[in-house]
Amino acid sequence: MESVSSPRRVALTPGARRALDAAGRLFYERGIHAVGVDLIAAEAGVTKKTLYDRFGSKEQIVVEYLADRDERWRAFLAGHLDIAGDSPGRRLTAIFDASREWTAENSAKGCSMVNAHAEISDPAHPAYAVIVGQKRWMLDLFTGVCRDASVRDPETLARTVMLLHEGALVSHGLQVFPEAVRLASDQASALLAAAVGQAR
């Protein structure tokens, strides 16, 4: 597995925060490549010079946009996991429940990381580390749940659950069929229960 270093981050002033909020909305709705710095500045009510003073480049704005979404998602998920407690089955369900709620509120067009990767596939781009890092973090989370359940092959089961989760996010974004995340959750829970049964 290739090593991906963490990207540089910048401190956000109130003006930079407004710019980042505007950029995040525009990037998600229209695509990263389709949105220029001029439009971000106009939407945020700041000058183009202010944007470059605060962020240095459009690439850094993209880094901050994705890192901000990732941080908000992890905090949102943490609340669900806290309620779920230590049971692996409840924790797995909590992850999918959080994803279902998050996508309904924040991701009508699908996962922002998946969408960004469609435009940013070069490992040299500073935002690439945010995208890949978020997905690796999710895989680690699923792996931890499967290990806690004491199944025979937690790594393989976690990867299978990850495929269900990510496929559900893509299906939701494409609106292929309704309740994609709920269906994936049911299937993941059934796989975990079967694996636990086989391990006894």
# chains A, B, ... in the order shown; residues from 1 in each chain; ligands from 1
$ residues_around --residues "region 17-22 of chain A" --least-positions-apart "2" --cutoff "10 Å" --atoms "only C-alpha atoms" --output "list in words"
Ala11, Leu12, Thr13, Pro14, Gly15, Gly24, Arg25, Leu26, Phe27, Val37, Leu39, Ile40, Ala41, Ala42, Glu43, Ala44, Gly45, Val46, Thr47, Thr50, Leu51, Arg54, Phe55, Ile61, Val62, Glu64, Tyr65 and Asp68 of chain A
$ closest_atom_pairs --of "region 34-92 of chain A" --to "region 117-141 of chain A" --cutoff "8 Å" --atoms "only C-alpha atoms" --output "Markdown table"
| residue | atom | partner | partner_atom | distance |
| --- | --- | --- | --- | --- |
| A:Glu59 | CA | A:Pro126 | CA | 7.0 |
| A:Gln60 | CA | A:Pro126 | CA | 7.4 |
| A:Val62 | CA | A:Ala127 | CA | 6.5 |
| A:Val63 | CA | A:Ala127 | CA | 4.6 |
| A:Leu66 | CA | A:Val130 | CA | 6.6 |
| A:Ala67 | CA | A:Val130 | CA | 6.1 |
| A:Asp70 | CA | A:Gln134 | CA | 6.8 |
$ closest_residue --among "A:Ala116, A:Ile83, A:Leu92, A:Ala168" --to "Leu191 (chain A)" --atoms "only C-alpha atoms"
A:Leu92
$ closest_residue --among "A:Ala184, A:Val176, A:Ala195, A:Leu81" --to "Arg152 (chain A)" --atoms "only C-alpha atoms"
A:Ala195
$ select_by_dssp --residues "region 58-178 of chain A" --states "helix (DSSP H, G or I)" --output "number ranges by chain"
A: 58-84, 88-106, 112-119, 128-148, 154-174
$ residues_around --residues "Ala149 (chain A)" --least-positions-apart "3" --cutoff "12 Å" --atoms "only C-alpha atoms" --output "PyMOL selection string"
chain A and resi 86-92+142-146+152-155+157-158+189+191-200
$ closest_residue --among "A:Asp82, A:Asp97, A:Glu71, A:Asp38" --to "Ala188 (chain A)" --atoms "only C-alpha atoms"
A:Asp97
$ residues_around --residues "Arg182 (chain A)" --least-positions-apart "5" --cutoff "12 Å" --atoms "only C-alpha atoms" --output "VMD selection string"
chain A and resid 93 to 101 103 to 104 164 to 165 167 to 169 171 to 172 177 187 to 189
$ atom_distance --atom1 "CA of Asn115 (chain A)" --atom2 "CA of Val35 (chain A)"
14.2 Å
$ atom_distance --atom1 "CA of His80 (chain A)" --atom2 "CA of Leu174 (chain A)"
25.6 Å
$ closest_residue --among "A:Arg147, A:Arg74, A:Lys109, A:Arg159" --to "Glu29 (chain A)" --atoms "only C-alpha atoms"
A:Lys109
